[in-house]
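For reference, coords_26.cif (mmCIF, C-alpha atoms):
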data_structure
#
loop_
_atom_site.label_atom_id
_atom_site.label_comp_id
_atom_site.auth_asym_id
_atom_site.auth_seq_id
_atom_site.Cartn_x
_atom_site.Cartn_y
_atom_site.Cartn_z
CA MET E 24 28.49 -51.24 80.58
CA LYS E 25 31.12 -53.98 80.23
CA LYS E 26 34.11 -54.01 77.94
CA ILE E 27 35.11 -56.85 75.66
CA SER E 28 38.39 -58.71 76.15
CA ALA E 29 41.58 -56.67 75.88
CA ILE E 30 43.13 -59.20 73.51
CA SER E 31 40.61 -58.04 70.90
CA ARG E 32 43.12 -55.38 69.84
CA LYS E 33 45.54 -58.10 68.80
CA MET E 34 42.76 -60.08 67.14
CA TRP E 35 41.69 -57.16 64.99
CA THR E 36 45.25 -56.62 63.82
CA ILE E 37 45.63 -60.31 62.96
CA GLU E 38 42.33 -60.28 61.10
CA GLY E 39 43.37 -57.20 59.17
CA LEU E 40 46.75 -58.67 58.28
CA ILE E 41 45.12 -61.85 56.94
CA THR E 42 42.74 -59.90 54.70
CA THR E 43 45.62 -57.71 53.50
CA GLY E 44 47.52 -60.87 52.59
CA ILE E 45 44.56 -62.19 50.59
CA PHE E 46 44.12 -58.93 48.72
CA LEU E 47 47.86 -58.69 48.01
CA ALA E 48 47.89 -62.25 46.67
CA ILE E 49 44.98 -61.49 44.32
CA ALA E 50 46.66 -58.30 43.15
CA ILE E 51 49.99 -60.01 42.51
CA ILE E 52 48.35 -62.88 40.60
CA LEU E 53 46.46 -60.40 38.44
CA ASN E 54 49.65 -58.42 37.98
CA ILE E 55 51.46 -61.44 36.61
CA PHE E 56 48.77 -62.90 34.36
CA LEU E 57 47.13 -59.77 32.92
CA GLU E 58 48.82 -57.96 30.08
CA PHE E 59 48.90 -54.22 30.52
CA ASN E 60 47.47 -52.70 27.40
CA VAL E 61 44.13 -51.13 28.36
CA LEU E 62 43.37 -48.47 30.96
CA TRP E 63 40.78 -50.44 32.96
CA LYS E 64 43.27 -53.18 33.80
CA TYR E 65 45.53 -50.57 35.39
CA VAL E 66 42.56 -49.14 37.28
CA ILE E 67 41.49 -52.53 38.67
CA ILE E 68 44.94 -53.64 39.80
CA CYS E 69 45.87 -50.28 41.30
CA SER E 70 42.57 -50.15 43.18
CA ILE E 71 43.16 -53.62 44.65
CA TYR E 72 46.65 -52.57 45.78
CA GLY E 73 45.15 -49.41 47.27
CA LEU E 74 42.50 -51.41 49.13
CA ALA E 75 45.15 -53.68 50.58
CA LEU E 76 47.10 -50.66 51.77
CA VAL E 77 44.04 -49.06 53.36
CA ILE E 78 43.14 -52.29 55.19
CA LEU E 79 46.74 -52.62 56.42
CA ILE E 80 46.80 -49.09 57.84
CA ASN E 81 43.35 -49.58 59.31
CA SER E 82 44.37 -52.82 61.02
CA LEU E 83 47.50 -51.29 62.50
CA LEU E 84 46.12 -48.00 63.81
CA MET E 85 42.43 -48.42 64.52
CA PRO E 86 42.05 -51.41 66.94
CA LYS E 87 43.10 -49.29 69.92
CA TYR E 88 40.27 -46.82 69.44
CA ARG E 89 37.81 -49.51 68.41
CA TYR E 90 38.48 -51.37 71.66
CA LYS E 91 37.95 -48.18 73.63
CA LYS E 92 34.50 -47.66 72.09
CA TYR E 93 33.17 -51.20 72.20
CA ARG E 94 30.73 -51.71 75.08
CA TYR E 95 27.98 -54.17 75.83
CA LYS E 96 25.44 -54.71 78.56
CA MET E 97 23.06 -57.51 79.41
CA ASP E 98 20.25 -57.66 81.90
CA GLU E 99 16.94 -59.43 82.14
CA GLU E 100 15.12 -56.99 79.89
CA LYS E 101 17.48 -56.16 77.06
CA ILE E 102 20.89 -56.44 75.48
CA ILE E 103 22.64 -53.19 74.61
CA LEU E 104 25.53 -52.93 72.16
CA ARG E 105 27.52 -49.77 71.54
CA TYR E 106 30.35 -49.50 69.05
CA GLY E 107 31.89 -47.54 66.18
CA ILE E 108 34.55 -44.84 66.00
CA PHE E 109 33.32 -42.38 63.39
CA ASN E 110 29.83 -43.78 63.11
CA GLU E 111 28.58 -44.62 66.55
CA LYS E 112 25.90 -47.30 66.73
CA ASN E 113 23.66 -48.11 69.64
CA VAL E 114 21.67 -51.33 69.38
CA VAL E 115 18.93 -52.40 71.77
CA ILE E 116 17.61 -55.98 71.57
CA PRO E 117 14.71 -56.73 73.90
CA MET E 118 15.25 -60.03 75.70
CA GLU E 119 11.74 -61.20 74.78
CA ARG E 120 12.69 -61.24 71.11
CA VAL E 121 15.88 -63.29 71.45
CA GLN E 122 15.37 -66.72 69.91
CA TYR E 123 18.67 -68.40 70.62
CA VAL E 124 22.31 -67.65 71.32
CA GLY E 125 25.18 -69.32 69.52
CA ILE E 126 28.93 -69.48 70.06
CA GLN E 127 31.47 -68.99 67.30
CA GLN E 128 35.05 -70.11 67.84
CA GLY E 129 37.66 -70.58 65.14
CA ILE E 130 41.21 -71.90 65.39
CA ILE E 131 42.82 -68.58 66.21
CA LEU E 132 40.11 -67.65 68.68
CA ARG E 133 40.49 -70.97 70.49
CA LYS E 134 44.20 -70.39 70.87
CA PHE E 135 43.60 -67.10 72.67
CA LYS E 136 40.67 -68.54 74.66
CA LEU E 137 38.12 -66.15 73.19
CA LEU E 138 34.72 -66.57 71.56
CA ASN E 139 32.13 -64.68 69.58
CA LEU E 140 28.59 -64.59 70.91
CA LYS E 141 25.91 -64.60 68.22
CA VAL E 142 22.47 -63.40 69.30
CA HIS E 143 19.70 -64.48 66.93
CA THR E 144 16.33 -62.77 66.61
CA ALA E 145 13.59 -63.22 64.03
CA GLY E 146 15.04 -60.26 62.16
CA GLY E 147 18.71 -61.08 61.71
CA HIS E 148 21.50 -61.60 64.18
CA TYR E 149 23.99 -59.50 66.13
CA VAL E 150 27.50 -60.52 67.13
CA ILE E 151 29.23 -59.64 70.39
CA PRO E 152 32.84 -60.31 69.44
CA TYR E 153 35.90 -61.40 71.42
CA LEU E 154 34.63 -62.26 74.87
CA GLU E 155 36.80 -64.31 77.22
CA SER E 156 35.49 -67.85 77.00
CA GLU E 157 34.38 -68.11 80.63
CA VAL E 158 32.52 -64.81 80.49
CA GLY E 159 31.00 -65.70 77.13
CA LYS E 160 29.78 -69.11 78.21
CA LYS E 161 28.29 -67.65 81.37
CA ALA E 162 26.48 -65.01 79.32
CA GLN E 163 25.16 -67.66 76.94
CA LEU E 164 23.87 -69.74 79.85
CA SER E 165 22.15 -66.79 81.50
CA ILE E 166 20.47 -65.67 78.26
CA SER E 167 19.30 -69.17 77.40
CA ARG E 168 17.89 -69.55 80.91
CA ILE E 169 15.86 -66.38 80.47
CA VAL E 170 14.65 -67.57 77.06
CA GLN E 171 13.63 -70.95 78.48
CA GLU E 172 11.73 -69.43 81.39
CA ARG E 173 9.80 -67.33 78.96
CA ARG E 174 8.81 -70.39 76.91
CA ILE E 175 7.36 -72.13 79.97
CA MET K 8 -5.73 -42.95 63.38
CA ARG K 9 -5.40 -39.27 63.06
CA GLU K 10 -2.84 -36.70 63.79
CA LEU K 11 -3.69 -34.54 66.75
CA LYS K 12 -3.64 -31.31 64.80
CA SER K 13 -6.61 -32.22 62.65
CA LYS K 14 -8.52 -33.74 65.53
CA GLU K 15 -11.38 -31.29 65.67
CA GLU K 16 -12.24 -31.41 61.99
CA ASN K 17 -12.45 -35.16 61.90
CA GLU K 18 -14.68 -35.55 64.91
CA ASP K 19 -17.53 -33.75 63.20
CA LYS K 20 -17.38 -36.11 60.26
CA ASN K 21 -17.26 -39.20 62.41
CA GLU K 22 -20.69 -38.51 63.89
CA PHE K 23 -22.34 -39.06 60.54
CA GLU K 24 -20.41 -42.17 59.76
CA VAL K 25 -21.17 -44.06 62.94
CA GLU K 26 -24.69 -44.89 61.77
CA GLU K 27 -23.71 -47.05 58.82
CA ASN K 28 -21.87 -49.70 60.75
CA ILE K 29 -20.90 -52.12 58.00
CA LYS K 30 -17.41 -53.59 58.35
CA GLU K 31 -16.81 -53.78 54.66
CA PHE K 32 -15.05 -51.62 52.17
CA THR K 33 -15.14 -51.74 48.38
CA THR K 34 -12.99 -49.71 46.05
CA SER K 35 -15.16 -47.94 43.53
CA LEU K 36 -14.55 -48.12 39.79
CA LYS K 37 -14.11 -44.36 39.62
CA ASP K 38 -11.16 -44.53 41.99
CA LEU K 39 -9.66 -47.34 39.95
CA PHE K 40 -9.83 -45.20 36.81
CA THR K 41 -8.06 -42.33 38.55
CA MET K 42 -5.41 -44.86 39.57
CA VAL K 43 -5.05 -45.85 35.91
CA THR K 44 -4.55 -42.26 34.82
CA MET K 45 -1.96 -41.75 37.56
CA THR K 46 0.11 -44.77 36.59
CA SER K 47 -0.19 -43.99 32.91
CA SER K 48 0.91 -40.40 33.48
CA ILE K 49 4.35 -41.80 34.20
CA LEU K 50 4.17 -43.66 30.88
CA ILE K 51 3.16 -40.43 29.14
CA GLY K 52 6.20 -38.69 30.61
CA ILE K 53 8.51 -41.47 29.49
CA SER K 54 7.08 -41.50 25.97
CA ILE K 55 7.44 -37.71 25.67
CA ILE K 56 11.09 -37.97 26.70
CA VAL K 57 11.61 -40.81 24.21
CA ALA K 58 9.97 -38.72 21.50
CA PHE K 59 12.32 -35.83 22.22
CA CYS K 60 15.40 -38.00 22.21
CA PHE K 61 14.74 -40.02 19.08
CA ALA K 62 12.55 -37.53 17.22
CA ILE K 63 9.65 -39.85 16.39
CA ASN K 64 6.74 -38.44 14.40
CA ASN K 65 3.87 -36.90 16.28
CA ILE K 66 1.31 -39.46 15.18
CA LYS K 67 3.40 -42.35 16.41
CA ILE K 68 3.62 -40.79 19.87
CA PHE K 69 -0.14 -40.59 20.16
CA ILE K 70 -0.52 -44.19 19.04
CA ILE K 71 1.98 -45.28 21.68
CA LEU K 72 0.20 -43.24 24.32
CA PHE K 73 -3.19 -44.64 23.42
CA ILE K 74 -1.99 -48.24 23.45
CA SER K 75 -0.19 -47.81 26.78
CA LEU K 76 -3.29 -46.27 28.35
CA ILE K 77 -5.48 -49.14 27.18
CA ILE K 78 -2.99 -51.74 28.44
CA CYS K 79 -2.80 -49.97 31.80
CA THR K 80 -6.57 -49.92 32.19
CA ILE K 81 -6.93 -53.57 31.31
CA ILE K 82 -4.20 -54.68 33.71
CA THR K 83 -5.43 -52.68 36.68
CA ILE K 84 -9.05 -53.70 36.14
CA ILE K 85 -8.13 -57.37 35.89
CA LYS K 86 -6.07 -57.02 39.03
CA TYR K 87 -8.22 -54.86 41.29
CA TYR K 88 -11.80 -55.06 39.99
CA LYS K 89 -14.23 -54.95 42.92
CA PHE K 90 -11.56 -54.97 45.59
CA THR K 91 -13.48 -55.81 48.76
CA VAL K 92 -12.21 -55.93 52.31
CA ILE K 93 -14.34 -57.61 54.96
CA ARG K 94 -13.49 -57.65 58.64
CA GLU K 95 -14.49 -60.75 60.55
CA VAL K 96 -13.78 -61.42 64.21
CA ASP K 97 -10.09 -62.17 63.88
CA ASN K 98 -9.57 -62.32 60.14
CA ILE K 99 -9.47 -59.85 57.30
CA LYS K 100 -10.92 -61.23 54.08
CA LEU K 101 -9.89 -59.90 50.71
CA SER K 102 -11.56 -60.69 47.42
CA TYR K 103 -10.54 -58.97 44.24
CA GLY K 104 -9.92 -59.23 40.51
CA LEU K 105 -11.96 -60.34 37.54
CA PHE K 106 -11.06 -63.94 38.33
CA ASN K 107 -12.20 -63.49 41.92
CA LYS K 108 -9.13 -64.14 43.99
CA ASN K 109 -9.55 -64.64 47.71
CA GLN K 110 -7.17 -64.10 50.55
CA VAL K 111 -7.41 -64.29 54.33
CA ILE K 112 -5.13 -62.38 56.68
CA PRO K 113 -5.21 -63.27 60.39
CA VAL K 114 -5.17 -60.05 62.40
CA LYS K 115 -2.81 -61.51 65.00
CA GLN K 116 -0.06 -61.88 62.42
CA ILE K 117 -0.12 -58.27 61.31
CA GLN K 118 3.12 -56.57 62.24
CA SER K 119 2.85 -53.20 60.64
CA LEU K 120 0.62 -51.00 58.56
CA ILE K 121 2.00 -48.84 55.77
CA ILE K 122 0.24 -45.84 54.29
CA VAL K 123 1.75 -45.04 50.91
CA GLU K 124 1.18 -41.65 49.36
CA GLY K 125 2.73 -41.39 45.92
CA VAL K 126 4.17 -38.32 44.23
CA ILE K 127 1.02 -37.73 42.17
CA LYS K 128 -1.41 -39.35 44.57
CA LYS K 129 -0.59 -37.16 47.56
CA PRO K 130 -1.53 -33.71 46.18
CA LEU K 131 -4.75 -35.22 44.83
CA GLY K 132 -5.55 -36.70 48.22
CA TYR K 133 -5.28 -40.40 47.52
CA PHE K 134 -3.46 -43.14 49.38
CA THR K 135 -2.69 -46.85 49.25
CA LEU K 136 -2.69 -49.16 52.25
CA LYS K 137 -0.38 -52.09 52.79
CA VAL K 138 -0.09 -54.57 55.62
CA GLU K 139 2.96 -56.54 56.62
CA THR K 140 2.27 -59.97 58.06
CA LEU K 141 4.36 -62.52 59.84
CA GLY K 142 4.30 -65.86 58.06
CA TYR K 143 6.12 -69.13 58.08
CA GLY K 144 8.46 -70.86 55.68
CA LYS K 145 9.29 -69.23 52.40
CA ASP K 146 7.29 -66.03 52.62
CA LYS K 147 8.21 -65.05 56.12
CA CYS K 148 7.53 -61.37 55.78
CA LYS K 149 4.80 -60.68 53.29
CA SER K 150 3.34 -57.34 52.39
CA THR K 151 -0.16 -57.39 51.00
CA ILE K 152 -2.20 -54.52 49.65
CA ILE K 153 -5.32 -53.99 51.71
CA CYS K 154 -6.63 -51.05 49.77
CA PRO K 155 -5.32 -50.22 46.27
CA ILE K 156 -6.62 -46.66 46.23
CA ALA K 157 -8.95 -44.48 48.25
CA LYS K 158 -9.51 -40.87 49.16
CA ARG K 159 -7.69 -39.42 52.11
CA ASN K 160 -10.85 -38.53 54.02
CA VAL K 161 -11.95 -42.19 54.06
CA LEU K 162 -8.77 -43.24 55.88
CA ASN K 163 -10.09 -42.71 59.40
CA LYS K 164 -13.27 -44.61 58.73
CA PHE K 165 -11.44 -47.38 56.93
CA ILE K 166 -9.10 -48.04 59.81
CA LYS K 167 -11.85 -47.71 62.38
CA ASP K 168 -13.86 -50.39 60.60
CA ILE K 169 -11.26 -52.79 59.32
CA LEU K 170 -8.35 -52.46 61.70
CA PRO K 171 -9.53 -51.00 65.03
CA GLU K 172 -6.34 -52.31 66.67
CA MET K 173 -4.28 -49.85 64.69
CA ASN K 174 -6.61 -46.95 65.37
CA ILE K 175 -4.32 -44.68 67.38
CA SER K 176 -3.77 -40.98 67.59
CA TYR K 177 -0.20 -39.87 67.29
CA ASP K 178 1.84 -36.72 67.34
CA LEU K 179 4.78 -36.96 64.98
CA ARG K 180 7.98 -35.17 65.79
CA THR K 181 9.65 -33.75 62.72
CA SER K 182 13.35 -33.27 62.08
CA PRO K 183 14.95 -30.21 63.70
CA GLY K 184 16.05 -27.40 61.41
CA LYS K 185 19.69 -27.68 62.39
CA ALA K 186 19.88 -31.06 60.67
CA LEU K 187 18.94 -29.66 57.26
CA ASN K 188 22.48 -28.75 56.18
CA GLY K 189 23.84 -32.22 56.77
CA PHE K 190 20.88 -33.81 55.05
CA LEU K 191 21.26 -31.67 51.93
CA LEU K 192 25.05 -32.11 51.87
CA PHE K 193 25.02 -35.90 51.96
CA ARG K 194 22.14 -36.22 49.47
CA LEU K 195 23.71 -33.78 47.00
CA LEU K 196 27.21 -35.29 47.22
CA GLU K 197 25.99 -38.54 45.67
CA GLU K 198 23.95 -36.83 43.01
CA LEU K 199 26.64 -34.31 42.09
CA MET K 200 29.00 -37.16 41.25
CA VAL K 201 26.49 -38.68 38.82
CA ILE K 202 25.65 -35.26 37.40
CA GLY K 203 29.33 -34.46 36.92
CA LEU K 204 29.95 -37.72 35.07
CA ILE K 205 26.98 -37.08 32.78
CA ALA K 206 28.08 -33.50 32.14
CA ILE K 207 31.53 -34.67 31.06
CA TYR K 208 30.68 -37.62 28.85
CA VAL K 209 27.27 -36.86 27.31
CA PRO K 210 27.11 -34.23 24.53
CA TYR K 211 25.20 -31.13 25.72
CA GLY K 212 25.34 -32.81 29.12
CA TYR K 213 25.98 -29.59 31.00
CA PHE K 214 22.29 -28.74 30.69
CA ILE K 215 21.83 -31.23 33.51
CA PHE K 216 23.11 -28.63 35.98
CA LEU K 217 19.64 -27.10 35.69
CA LEU K 218 18.46 -30.07 37.74
CA ILE K 219 20.28 -28.91 40.89
CA PRO K 220 17.72 -26.31 42.10
CA ILE K 221 14.91 -28.80 41.43
CA LEU K 222 16.77 -31.39 43.47
CA LEU K 223 17.26 -28.86 46.28
CA ILE K 224 13.53 -28.16 46.48
CA TRP K 225 12.77 -31.88 46.32
CA HIS K 226 15.15 -32.68 49.18
CA ASN K 227 13.64 -29.89 51.25
CA LEU K 228 10.26 -31.52 50.78
CA ARG K 229 11.71 -34.88 51.75
CA PHE K 230 13.24 -33.37 54.86
CA GLU K 231 9.93 -31.92 55.98
CA ASP K 232 8.25 -35.31 55.67
CA ASN K 233 10.58 -37.02 58.15
CA GLY K 234 8.80 -37.91 61.34
CA LEU K 235 8.96 -40.22 64.32
CA TYR K 236 6.64 -41.09 67.17
CA TYR K 237 7.49 -43.49 69.95
CA GLY K 238 4.58 -44.55 72.09
CA THR K 239 3.94 -47.31 74.59
CA ASP K 240 2.26 -49.65 72.11
CA PHE K 241 3.18 -48.32 68.69
CA VAL K 242 6.06 -46.78 66.80
CA VAL K 243 5.17 -44.53 63.90
CA MET K 244 7.74 -43.57 61.30
CA ARG K 245 7.26 -41.35 58.29
CA TYR K 246 9.74 -40.83 55.51
CA ARG K 247 9.86 -40.16 51.82
CA LYS K 248 12.12 -41.66 49.24
CA LEU K 249 9.87 -41.23 46.26
CA ASN K 250 6.53 -42.05 47.84
CA ARG K 251 5.69 -40.79 51.28
CA LYS K 252 5.34 -43.74 53.59
CA THR K 253 3.86 -43.70 57.06
CA VAL K 254 4.70 -46.94 58.86
CA ILE K 255 2.81 -47.93 62.00
CA ILE K 256 4.59 -50.75 63.80
CA LYS K 257 3.32 -52.70 66.77
CA ARG K 258 5.84 -52.46 69.56
CA ASP K 259 5.61 -56.17 70.37
CA CYS K 260 6.86 -56.95 66.87
CA ILE K 261 10.06 -54.93 67.09
CA GLN K 262 13.05 -57.26 67.02
CA SER K 263 15.74 -54.71 67.58
CA PHE K 264 16.17 -50.99 67.81
CA GLU K 265 19.19 -49.14 66.54
CA LYS K 266 20.50 -45.62 66.90
CA GLN K 267 23.31 -44.37 64.70
CA GLN K 268 25.17 -41.09 64.63
CA ASN K 269 28.46 -39.88 63.22
CA ILE K 270 30.80 -37.35 64.80
CA PHE K 271 29.19 -34.27 63.32
CA GLN K 272 25.72 -35.43 64.24
CA LYS K 273 26.82 -36.19 67.77
CA ARG K 274 27.85 -32.59 68.27
CA LYS K 275 24.42 -31.41 67.17
CA ALA K 276 22.49 -34.15 69.03
CA ILE K 277 21.02 -35.61 65.87
CA ALA K 278 20.62 -39.33 65.24
CA ARG K 279 19.26 -41.84 62.80
CA TYR K 280 16.88 -44.49 64.06
CA LYS K 281 16.34 -47.93 62.65
CA VAL K 282 13.66 -50.42 63.62
CA THR K 283 13.91 -54.06 62.56
CA ILE K 284 10.89 -56.34 62.43
CA ALA K 285 10.75 -60.04 61.66
CA GLY K 286 11.46 -60.95 58.08
CA ASP K 287 13.75 -63.13 56.00
CA CYS K 288 17.24 -63.93 57.23
CA LEU K 289 18.22 -60.26 57.18
CA GLY K 290 15.01 -58.96 58.65
CA LYS K 291 13.01 -56.03 57.42
CA SER K 292 14.00 -52.63 58.66
CA TYR K 293 12.72 -49.08 58.51
CA LYS K 294 14.97 -46.09 58.93
CA VAL K 295 14.37 -42.47 59.74
CA GLY K 296 17.36 -40.19 59.70
CA TYR K 297 18.15 -36.74 61.04
CA MET K 298 15.89 -36.78 64.08
CA SER K 299 16.67 -35.00 67.34
CA GLU K 300 18.44 -37.33 69.70
CA ASN K 301 16.56 -37.15 73.00
CA ASN K 302 13.49 -38.90 71.64
CA ILE K 303 14.14 -42.38 72.92
CA CYS K 304 16.66 -44.74 74.53
#
Mind converting the file's structure to structure tokens?
Amino acid sequence: MKKISAISRKMWTIEGLITTGIFLAIAIILNIFLEFNVLWKYVIICSIYGLALVILINSLLMPKYRYKKYRYKMDEEKIILRYGIFNEKNVVIPMERVQYVGIQQGIILRKFKLLNLKVHTAGGHYVIPYLESEVGKKAQLSISRIVQERRI
Amino acid sequence: MRELKSKEENEDKNEFEVEENIKEFTTSLKDLFTMVTMTSSILIGISIIVAFCFAINNIKIFIILFISLIICTIITIIKYYKFTVIREVDNIKLSYGLFNKNQVIPVKQIQSLIIVEGVIKKPLGYFTLKVETLGYGKDKCKSTIICPIAKRNVLNKFIKDILPEMNISYDLRTSPGKALNGFLLFRLLEELMVIGLIAIYVPYGYFIFLLIPILLIWHNLRFEDNGLYYGTDFVVMRYRKLNRKTVIIKRDCIQSFEKQQNIFQKRKAIARYKVTIAGDCLGKSYKVGYMSENNIC
């Protein structure tokens, strides 16, 4: 079982902070433009503020434990993913069913030299997040080689 | 296709049925009429509830009932009249309806077989068969009805004739008793919220608390129906939401396999299994929860 990159902790915090910012902006805009006269307006705005707070706390405290739990494994027969703090998930994808593997890399990810590996099957896709770019590209190559050999 | 427990009973019957070796199956009109009464019984229930709520006269109720029954009969007979299944070498041919619709299913594309036993159908010993096929383009994962209604004791013969590939014997493992508490707790939590809201806002709403023991019994039944079998060629899953469904999936068609457990379940070695087969962009998945952990993986 391999671990994902250690920088992922930082990435999760950044991601969380960005979403908190978006939620806060929405809440503040609503706060300014809505007149407070009915109960449901209070409920909506307070719930958005609450959501922002929850995401903020989550992004500050949880990444450490999430990183500890995140494992993946690849061999010639299957890909295994294991993650989740409270709700532990264990995914097995047989290599025969993999159709293609894609790479996802945004601006922030490129700056930290990380990438997301996206494994596509006929029934949806799974993401292996935050691999170091060399490791990720090597993994993509090896999987695509196995897929190609199978086709021939 | 039989469970191992009832193996001995079925073998006696099979000896008689071997002689008539026709690979064809037609749904009889009598079965169709029973299907009509089953579907309309739901309508009858609804109309009785409506009558209680809005206090309509007795005569009007009967008129509504009569009309709904007639409409039901007409629709089902137009849809399923002379539903015939014919097995050819590598195709299954369907022809049905008053307007004689035809359909061909290649056997190679069949991913899974679903046996549906409804709430009313099951105690009377009836079932419906569905097949999930792998297609291309828009309808990637299509489920077609192979058999609209038939008696339970025909099931073995039906599958032997029409789909001999799926003719397997399996031994389902049911959920362990220690998982019952968690199952009941999580089911009832959702329903208690709805019930509480109704009790507060609807006049005389607190009568709805009488539903709780009924729900408890119902969830117990649901719990007993959970089952999982993991063989070398097939995966069989059985669960009940409203209808009891037994899903037989070819193992070559499984796209991914997932095991999920939360902290409490981990302590008790209980897990929830999810199998995804090919479908639209999200895939089609079947889940069975609250099974003992050491089954697979």
9 Å contacts from chain E to chain K using all atoms listed in the file, as a PyMOL selection string: chain E and resi 107-117+119-121+144-148
Residues selected by the PyMOL selection byres ((chain K and resi 234-245) around 6), written as a ChimeraX atom specification: /K:179-181,233,246,252-258
Selection: 10 Å around Asp98 in chain E, only C-alpha atoms, excl. self and same-chain fewer than 3 positions, as a list of chain:residue names: E:Lys101, E:Ile102, E:Ile103, E:Pro117, E:Met118, E:Ala162, E:Ser165, E:Ile166, E:Ile169
The PyMOL selection byres ((chain E and resi 49) around 12) resolved against shown file, as a PyMOL selection string: chain E and resi 42-48+50-57+67-72+74-75
Hey, can you spit out that residue selection with C-alpha atoms as a PDB file, in the coordinates of the input?
ATOM      1  CA  THR E  42      42.740 -59.900  54.700  1.00  0.00           C
ATOM      2  CA  THR E  43      45.620 -57.710  53.500  1.00  0.00           C
ATOM      3  CA  GLY E  44      47.520 -60.870  52.590  1.00  0.00           C
ATOM      4  CA  ILE E  45      44.560 -62.190  50.590  1.00  0.00           C
ATOM      5  CA  PHE E  46      44.120 -58.930  48.720  1.00  0.00           C
ATOM      6  CA  LEU E  47      47.860 -58.690  48.010  1.00  0.00           C
ATOM      7  CA  ALA E  48      47.890 -62.250  46.670  1.00  0.00           C
ATOM      8  CA  ALA E  50      46.660 -58.300  43.150  1.00  0.00           C
ATOM      9  CA  ILE E  51      49.990 -60.010  42.510  1.00  0.00           C
ATOM     10  CA  ILE E  52      48.350 -62.880  40.600  1.00  0.00           C
ATOM     11  CA  LEU E  53      46.460 -60.400  38.440  1.00  0.00           C
ATOM     12  CA  ASN E  54      49.650 -58.420  37.980  1.00  0.00           C
ATOM     13  CA  ILE E  55      51.460 -61.440  36.610  1.00  0.00           C
ATOM     14  CA  PHE E  56      48.770 -62.900  34.360  1.00  0.00           C
ATOM     15  CA  LEU E  57      47.130 -59.770  32.920  1.00  0.00           C
ATOM     16  CA  ILE E  67      41.490 -52.530  38.670  1.00  0.00           C
ATOM     17  CA  ILE E  68      44.940 -53.640  39.800  1.00  0.00           C
ATOM     18  CA  CYS E  69      45.870 -50.280  41.300  1.00  0.00           C
ATOM     19  CA  SER E  70      42.570 -50.150  43.180  1.00  0.00           C
ATOM     20  CA  ILE E  71      43.160 -53.620  44.650  1.00  0.00           C
ATOM     21  CA  TYR E  72      46.650 -52.570  45.780  1.00  0.00           C
ATOM     22  CA  LEU E  74      42.500 -51.410  49.130  1.00  0.00           C
ATOM     23  CA  ALA E  75      45.150 -53.680  50.580  1.00  0.00           C
TER      24      ALA E  75
END
Evaluate the PyMOL selection byres ((chain K and resi 83-88) around 12) and report residues as a ChimeraX atom specification: /K:33-47,76-82,89-92,101-109,152-156
Can I get the selection written as a compact mmCIF listing (two decimals), in the frame of the given file, with C-alpha atoms?
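Once written, result35.txt looks like this:
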# COMPACT_ATOMS: atom_id res chain seq x y z
CA THR K 33 -15.14 -51.74 48.38
CA THR K 34 -12.99 -49.71 46.05
CA SER K 35 -15.16 -47.94 43.53
CA LEU K 36 -14.55 -48.12 39.79
CA LYS K 37 -14.11 -44.36 39.62
CA ASP K 38 -11.16 -44.53 41.99
CA LEU K 39 -9.66 -47.34 39.95
CA PHE K 40 -9.83 -45.20 36.81
CA THR K 41 -8.06 -42.33 38.55
CA MET K 42 -5.41 -44.86 39.57
CA VAL K 43 -5.05 -45.85 35.91
CA THR K 44 -4.55 -42.26 34.82
CA MET K 45 -1.96 -41.75 37.56
CA THR K 46 0.11 -44.77 36.59
CA SER K 47 -0.19 -43.99 32.91
CA LEU K 76 -3.29 -46.27 28.35
CA ILE K 77 -5.48 -49.14 27.18
CA ILE K 78 -2.99 -51.74 28.44
CA CYS K 79 -2.80 -49.97 31.80
CA THR K 80 -6.57 -49.92 32.19
CA ILE K 81 -6.93 -53.57 31.31
CA ILE K 82 -4.20 -54.68 33.71
CA LYS K 89 -14.23 -54.95 42.92
CA PHE K 90 -11.56 -54.97 45.59
CA THR K 91 -13.48 -55.81 48.76
CA VAL K 92 -12.21 -55.93 52.31
CA LEU K 101 -9.89 -59.90 50.71
CA SER K 102 -11.56 -60.69 47.42
CA TYR K 103 -10.54 -58.97 44.24
CA GLY K 104 -9.92 -59.23 40.51
CA LEU K 105 -11.96 -60.34 37.54
CA PHE K 106 -11.06 -63.94 38.33
CA ASN K 107 -12.20 -63.49 41.92
CA LYS K 108 -9.13 -64.14 43.99
CA ASN K 109 -9.55 -64.64 47.71
CA ILE K 152 -2.20 -54.52 49.65
CA ILE K 153 -5.32 -53.99 51.71
CA CYS K 154 -6.63 -51.05 49.77
CA PRO K 155 -5.32 -50.22 46.27
CA ILE K 156 -6.62 -46.66 46.23
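The interatomic distance for the pair CA of Gly125 in chain E and CA of Leu137 in chain E works out to 13.8 Å.
From CA of Val124 in chain E back to CA of Lys92 in chain E, the distance works out to 23.4 Å.
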Shell around Ile277 in chain K at 6 Å using all atoms listed in the file, local window under 4 positions removed, as a list in words: Gln272, Tyr297, Met298, Ser299 and Glu300 of chain K
Mind writing the picked residues with C-alpha atoms as a PDB file, keeping the file's coordinate frame?
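Contents of result37.pdb, freshly written:
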ATOM      1  CA  GLN K 272      25.720 -35.430  64.240  1.00  0.00           C
ATOM      2  CA  TYR K 297      18.150 -36.740  61.040  1.00  0.00           C
ATOM      3  CA  MET K 298      15.890 -36.780  64.080  1.00  0.00           C
ATOM      4  CA  SER K 299      16.670 -35.000  67.340  1.00  0.00           C
ATOM      5  CA  GLU K 300      18.440 -37.330  69.700  1.00  0.00           C
TER       6      GLU K 300
END
